[in-house]
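Shown below: protein-v2.csv, with CSV, C-alpha atoms.
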chain,number,residue,atom,x,y,z
A,1,MET,CA,26.8,10.3,13.9
A,2,ASP,CA,23.8,8.6,15.4
A,3,ALA,CA,22.0,6.4,12.8
A,4,LYS,CA,18.7,7.6,14.1
A,5,ILE,CA,19.4,11.1,12.9
A,6,PRO,CA,18.1,11.5,9.3
A,7,GLU,CA,20.4,12.6,6.5
A,8,ARG,CA,18.2,15.6,6.0
A,9,THR,CA,16.6,17.5,8.9
A,10,GLU,CA,13.0,18.6,8.4
A,11,LEU,CA,11.5,21.7,9.8
A,12,PRO,CA,8.6,20.8,12.1
A,13,ALA,CA,5.4,22.7,12.4
A,14,PRO,CA,6.1,25.9,14.4
A,15,GLN,CA,5.0,26.2,18.0
A,16,PHE,CA,4.1,29.8,18.7
A,17,VAL,CA,5.0,31.9,21.8
A,18,LEU,CA,3.3,35.2,22.4
A,19,ALA,CA,5.7,38.1,23.2
A,20,PRO,CA,4.6,40.7,25.7
A,21,ASP,CA,3.7,43.1,22.9
A,22,GLY,CA,1.4,40.5,21.2
A,23,THR,CA,3.8,39.5,18.4
A,24,ARG,CA,3.8,35.8,17.7
A,25,ILE,CA,7.2,34.1,17.8
A,26,ALA,CA,7.6,30.9,15.9
A,27,THR,CA,9.7,28.2,17.6
A,28,TYR,CA,11.0,24.8,16.5
A,29,SER,CA,12.3,21.9,18.6
A,30,TRP,CA,14.3,18.9,17.7
A,31,GLY,CA,15.8,16.1,19.9
A,32,ASP,CA,15.5,14.8,23.4
A,33,GLU,CA,13.9,17.3,25.8
A,34,ASP,CA,16.2,16.1,28.6
A,35,ALA,CA,19.4,16.8,26.6
A,36,PRO,CA,21.3,20.1,26.9
A,37,THR,CA,19.6,22.7,24.8
A,38,VAL,CA,21.2,24.9,22.1
A,39,LEU,CA,19.1,28.0,21.2
A,40,CYS,CA,19.7,28.9,17.6
A,41,VAL,CA,18.9,32.4,16.4
A,42,HIS,CA,19.3,33.5,12.8
A,43,GLY,CA,20.4,36.6,11.0
A,44,PHE,CA,18.7,39.5,9.2
A,45,ALA,CA,16.4,38.5,6.3
A,46,SER,CA,17.0,34.8,7.1
A,47,SER,CA,15.0,32.3,9.1
A,48,CYS,CA,15.5,29.2,11.3
A,49,ARG,CA,15.1,27.0,8.2
A,50,ASP,CA,17.5,29.1,6.1
A,51,ASN,CA,20.2,29.7,8.7
A,52,TRP,CA,20.2,26.4,10.7
A,53,VAL,CA,18.3,23.6,9.0
A,54,GLU,CA,19.4,23.9,5.3
A,55,THR,CA,23.0,24.4,6.4
A,56,GLY,CA,23.2,21.2,8.4
A,57,TRP,CA,23.6,22.9,11.8
A,58,VAL,CA,20.5,21.2,13.4
A,59,ARG,CA,21.8,17.8,12.3
A,60,GLN,CA,25.3,18.6,13.5
A,61,LEU,CA,24.0,19.6,17.0
A,62,LEU,CA,21.7,16.6,17.3
A,63,GLY,CA,24.6,14.4,16.5
A,64,ALA,CA,26.6,16.0,19.2
A,65,GLY,CA,23.9,15.1,21.8
A,66,PHE,CA,22.0,18.4,22.0
A,67,ARG,CA,18.4,19.3,21.9
A,68,VAL,CA,18.0,22.2,19.4
A,69,LEU,CA,15.5,25.0,19.9
A,70,GLY,CA,15.2,27.4,17.0
A,71,VAL,CA,13.2,30.6,16.5
A,72,ASP,CA,12.1,32.8,13.7
A,73,GLN,CA,12.9,36.3,15.0
A,74,ARG,CA,10.2,38.9,14.8
A,75,GLY,CA,9.8,40.1,11.2
A,76,HIS,CA,11.0,36.8,9.8
A,77,GLY,CA,9.8,33.4,8.8
A,78,ALA,CA,6.5,32.3,10.4
A,79,SER,CA,6.7,34.8,13.2
A,80,GLY,CA,4.7,38.1,13.3
A,81,HIS,CA,5.8,40.8,10.9
A,82,PRO,CA,5.1,44.2,12.6
A,83,HIS,CA,5.5,47.2,10.2
A,84,ASP,CA,6.1,49.7,13.0
A,85,PRO,CA,9.9,50.4,13.5
A,86,ALA,CA,9.3,50.8,17.2
A,87,ALA,CA,8.6,47.0,17.4
A,88,TYR,CA,12.3,46.3,16.5
A,89,ARG,CA,14.2,47.8,19.3
A,90,MET,CA,17.0,45.6,20.7
A,91,SER,CA,15.0,45.2,23.9
A,92,ALA,CA,12.1,43.6,22.0
A,93,PHE,CA,14.4,41.0,20.4
A,94,VAL,CA,15.9,40.1,23.8
A,95,THR,CA,12.5,40.0,25.5
A,96,ASP,CA,11.3,37.6,22.8
A,97,LEU,CA,14.0,35.1,23.6
A,98,VAL,CA,13.6,35.4,27.3
A,99,THR,CA,9.9,34.7,26.8
A,100,VAL,CA,10.6,31.7,24.6
A,101,LEU,CA,13.0,30.2,27.3
A,102,ASP,CA,10.5,30.9,30.1
A,103,THR,CA,7.7,29.3,28.0
A,104,TYR,CA,9.8,26.2,27.4
A,105,LEU,CA,10.8,26.2,31.1
A,106,LEU,CA,14.5,26.5,30.3
A,107,ASP,CA,16.6,28.2,32.9
A,108,GLY,CA,19.8,28.2,30.9
A,109,VAL,CA,20.9,27.2,27.4
A,110,ARG,CA,23.9,27.2,25.1
A,111,TYR,CA,23.4,29.8,22.4
A,112,ALA,CA,24.2,29.9,18.7
A,113,GLY,CA,23.5,33.1,16.8
A,114,TYR,CA,24.5,34.5,13.4
A,115,SER,CA,24.7,38.2,12.3
A,116,LEU,CA,21.6,39.8,13.8
A,117,GLY,CA,21.1,36.7,15.9
A,118,ALA,CA,24.7,37.1,17.2
A,119,ARG,CA,24.0,40.7,18.1
A,120,VAL,CA,20.9,39.7,20.0
A,121,GLY,CA,22.8,36.9,21.7
A,122,TRP,CA,25.5,39.3,22.9
A,123,GLN,CA,22.7,41.4,24.5
A,124,LEU,CA,20.9,38.4,26.0
A,125,ALA,CA,24.1,37.2,27.5
A,126,VAL,CA,24.8,40.6,29.1
A,127,GLN,CA,21.3,41.4,30.2
A,128,ALA,CA,20.1,37.9,31.3
A,129,PRO,CA,23.3,36.0,32.0
A,130,GLU,CA,21.4,33.3,33.9
A,131,HIS,CA,19.9,32.2,30.6
A,132,VAL,CA,23.1,31.7,28.6
A,133,SER,CA,25.9,29.4,29.8
A,134,ARG,CA,28.1,29.8,26.7
A,135,ALA,CA,27.6,31.3,23.2
A,136,VAL,CA,28.7,31.1,19.6
A,137,LEU,CA,28.4,34.5,18.0
A,138,GLY,CA,29.0,34.3,14.3
A,139,GLY,CA,29.4,37.3,12.0
A,140,ILE,CA,28.6,39.7,14.9
A,141,PRO,CA,28.3,43.2,13.5
A,142,ASP,CA,30.1,46.1,15.1
A,143,GLY,CA,28.4,49.4,14.6
A,144,ARG,CA,25.1,49.7,12.7
A,145,PRO,CA,25.3,47.9,9.3
A,146,LEU,CA,21.6,48.3,8.7
A,147,ALA,CA,21.9,52.0,9.1
A,148,ARG,CA,23.7,52.1,5.7
A,149,LEU,CA,20.4,51.0,4.1
A,150,LYS,CA,18.6,53.8,2.4
A,151,THR,CA,15.2,53.0,3.7
A,152,GLU,CA,13.3,55.5,1.6
A,153,GLN,CA,14.7,53.8,-1.6
A,154,ALA,CA,13.9,50.3,-0.2
A,155,ARG,CA,10.4,51.4,0.8
A,156,ALA,CA,9.7,53.0,-2.7
A,157,TYR,CA,10.8,49.7,-4.3
A,158,ALA,CA,8.6,47.6,-2.0
A,159,GLU,CA,5.5,49.8,-2.4
A,160,HIS,CA,5.8,51.0,-6.0
A,161,GLY,CA,8.5,49.0,-7.7
A,162,THR,CA,10.8,52.0,-8.0
A,163,PRO,CA,14.4,50.8,-8.9
A,164,VAL,CA,16.9,51.0,-6.1
A,165,GLU,CA,19.8,53.2,-7.0
A,166,ASP,CA,22.0,52.8,-3.9
A,167,ARG,CA,24.3,49.8,-4.2
A,168,VAL,CA,24.3,48.8,-0.5
A,169,THR,CA,20.5,49.1,-0.3
A,170,ARG,CA,20.1,47.0,-3.5
A,171,SER,CA,22.2,44.3,-1.9
A,172,TYR,CA,20.0,44.2,1.2
A,173,VAL,CA,16.9,44.1,-0.9
A,174,SER,CA,18.3,41.2,-2.9
A,175,LEU,CA,19.2,39.5,0.3
A,176,ALA,CA,15.7,40.0,1.6
A,177,GLU,CA,14.1,38.6,-1.5
A,178,ARG,CA,16.3,35.6,-1.6
A,179,VAL,CA,14.3,33.9,1.2
A,180,PRO,CA,10.7,32.9,0.2
A,181,GLY,CA,8.0,34.5,2.3
A,182,ASN,CA,10.1,37.5,3.5
A,183,ASP,CA,8.1,40.6,4.1
A,184,LEU,CA,10.2,43.4,2.8
A,185,LEU,CA,8.2,46.2,4.5
A,186,ALA,CA,8.7,44.4,7.9
A,187,LEU,CA,12.5,44.2,7.2
A,188,ILE,CA,12.6,47.8,6.3
A,189,ALA,CA,10.9,48.6,9.6
A,190,LEU,CA,13.4,46.5,11.4
A,191,ALA,CA,16.3,48.4,9.8
A,192,GLU,CA,14.6,51.7,10.8
A,193,GLY,CA,14.0,50.5,14.3
A,194,MET,CA,17.5,49.3,14.9
A,195,ALA,CA,19.0,52.5,13.6
A,196,GLY,CA,17.6,54.2,16.7
A,197,GLY,CA,20.7,53.9,19.0
A,198,ASP,CA,20.7,50.6,20.8
A,199,ALA,CA,22.1,48.4,18.1
A,200,ASP,CA,25.8,48.6,19.0
A,201,PRO,CA,27.4,45.9,21.1
A,202,ASP,CA,29.2,47.7,23.9
A,203,PRO,CA,32.8,46.4,24.2
A,204,ALA,CA,33.0,48.1,27.6
A,205,ARG,CA,30.3,45.7,28.8
A,206,PRO,CA,30.9,42.3,27.2
A,207,PRO,CA,29.5,38.9,28.1
A,208,ARG,CA,31.3,37.2,30.9
A,209,GLN,CA,30.4,33.7,29.7
A,210,PRO,CA,32.7,31.7,27.4
A,211,VAL,CA,32.1,32.9,23.9
A,212,LEU,CA,33.3,31.7,20.5
A,213,PHE,CA,33.3,34.5,18.0
A,214,ALA,CA,33.4,33.3,14.3
A,215,THR,CA,33.6,35.4,11.2
A,216,GLY,CA,34.5,34.6,7.6
A,217,SER,CA,38.0,35.5,6.4
A,218,GLU,CA,36.4,37.4,3.5
A,219,ASP,CA,33.9,39.3,5.6
A,220,ALA,CA,34.4,43.0,5.8
A,221,ILE,CA,33.5,43.0,9.5
A,222,LEU,CA,36.3,40.6,10.4
A,223,PRO,CA,38.5,43.3,12.1
A,224,GLN,CA,35.5,44.6,14.1
A,225,SER,CA,34.5,41.1,15.2
A,226,LYS,CA,38.1,40.4,16.4
A,227,ARG,CA,38.0,43.6,18.4
A,228,LEU,CA,34.8,42.5,20.1
A,229,ALA,CA,36.4,39.2,20.9
A,230,GLU,CA,39.5,40.9,22.4
A,231,ALA,CA,37.1,42.9,24.7
A,232,THR,CA,35.4,39.7,25.9
A,233,PRO,CA,37.2,38.1,28.9
A,234,ALA,CA,36.4,34.4,28.1
A,235,ALA,CA,36.5,34.6,24.3
A,236,SER,CA,38.0,32.5,21.6
A,237,PHE,CA,38.0,33.3,17.9
A,238,LEU,CA,37.5,31.2,14.8
A,239,GLU,CA,38.3,32.8,11.4
A,240,VAL,CA,36.2,30.8,8.9
A,241,PRO,CA,38.4,30.3,5.8
A,242,GLY,CA,37.2,31.5,2.4
A,243,ARG,CA,33.8,32.7,3.6
A,244,HIS,CA,32.1,36.0,3.5
A,245,HIS,CA,29.2,37.3,5.6
A,246,PHE,CA,26.4,35.6,3.6
A,247,ASN,CA,27.9,32.1,3.1
A,248,ALA,CA,29.7,31.6,6.4
A,249,PRO,CA,26.8,29.7,8.1
A,250,GLY,CA,27.2,26.9,5.4
A,251,SER,CA,30.9,26.3,6.3
A,252,ARG,CA,31.7,22.9,7.8
A,253,VAL,CA,34.6,24.4,9.6
A,254,PHE,CA,32.3,26.9,11.3
A,255,ARG,CA,29.7,24.2,12.1
A,256,GLU,CA,32.1,21.7,13.5
A,257,GLY,CA,34.1,24.3,15.5
A,258,ALA,CA,30.9,25.6,17.1
A,259,ALA,CA,29.6,22.1,18.0
A,260,ALA,CA,33.0,21.3,19.6
A,261,PHE,CA,32.9,24.5,21.6
A,262,LEU,CA,29.3,24.0,22.8
A,263,THR,CA,30.1,20.4,23.7
A,264,ASP,CA,33.1,21.4,25.8
A,265,SER,CA,31.1,22.0,29.0
A,266,ILE,CA,29.0,18.8,28.9
Rewrite the coordinates I just gave you, this time as structure tokens.
Amino acid sequence: MDAKIPERTELPAPQFVLAPDGTRIATYSWGDEDAPTVLCVHGFASSCRDNWVETGWVRQLLGAGFRVLGVDQRGHGASGHPHDPAAYRMSAFVTDLVTVLDTYLLDGVRYAGYSLGARVGWQLAVQAPEHVSRAVLGGIPDGRPLARLKTEQARAYAEHGTPVEDRVTRSYVSLAERVPGNDLLALIALAEGMAGGDADPDPARPPRQPVLFATGSEDAILPQSKRLAEATPAASFLEVPGRHHFNAPGSRVFREGAAAFLTDSI
């Protein structure tokens, strides 16, 4: 790995892009602006720092010769945190990324997304294929996992400290509270907004670009992820050994496999 790349990647100050609805989207850039770019998009209740910097992905991609462009998705990190569920339709997430790429004057990029970021990446690749040359979609959910969250219990906890009785909801609340600075009410609004009907990836209309699907061997969504890969014409699949949904991004096997796949077209 290039000696110029530090042992630990730091998160630079965010550069903000204004989405059409007025939401500020925080972006972060590393590397040579003339190098091929990888757009990195994190999962639910995570952030660019949590998903990509702390796990070594940014350093790995820089070492492979890429420029890395990261974002905090709306409702996360340093980006705006709307509390209106209508702000979290899939179309808003996709528009945010198109706006970021247009602002950075990037016609096409390689894409790395995890969980919610993978779901948004699927849609970006389908709806705006000119922007994505190939994609890594890690832990891509099939169906609506956030729909299992009992939002009334989560909201009562966030607003009044009422204990959460539902086990799944309690897990999501714990996940949200794990990352410093998370706005629980914004994440509840996100779950409500994405439960509205456009959250499912459509296997009848898959991306046509080369896609590497990657899911942990201990992740409950492994069979569904494999079915989405089977429906995608130019897909390959990486089963990340010994990892579940929440710790797969930290896997060296996943990180190195993704970097090799994204390098393949250089």
Surrounding residues of range 212-218 of chain A excluding itself and chain neighbours under 6 positions, 12 Å, only C-alpha atoms, as a count of residues only: 58
Output as a Markdown table one row per residue of range 51-133 of chain A within 10 Å of range 185-189 of chain A: the closest atom pair and its distance in Å to one decimal place, counting all atoms listed in the file, sorted by chain and residue number ascending.
| residue | atom | partner | partner_atom | distance |
| --- | --- | --- | --- | --- |
| A:Arg74 | CA | A:Ala186 | CA | 9.0 |
| A:Gly75 | CA | A:Ala186 | CA | 5.5 |
| A:His76 | CA | A:Leu187 | CA | 8.0 |
| A:Gly80 | CA | A:Ala186 | CA | 9.2 |
| A:His81 | CA | A:Ala186 | CA | 5.5 |
| A:Pro82 | CA | A:Ala186 | CA | 5.9 |
| A:His83 | CA | A:Ala186 | CA | 4.8 |
| A:Asp84 | CA | A:Ala189 | CA | 6.0 |
| A:Pro85 | CA | A:Ala189 | CA | 4.4 |
| A:Ala86 | CA | A:Ala189 | CA | 8.1 |
| A:Ala87 | CA | A:Ala189 | CA | 8.3 |
| A:Tyr88 | CA | A:Ala189 | CA | 7.4 |
Distance of CA of Cys40 in chain A from CA of Val53 in chain A, expressed in Å to one decimal place: 10.2 Å
Length of the CA of Asp102 in chain A to CA of Cys48 in chain A vector [Å]: 19.5 Å
Computed interatomic separation between CA of Ala128 in chain A and CA of Ala195 in chain A (Å): 23.0 Å
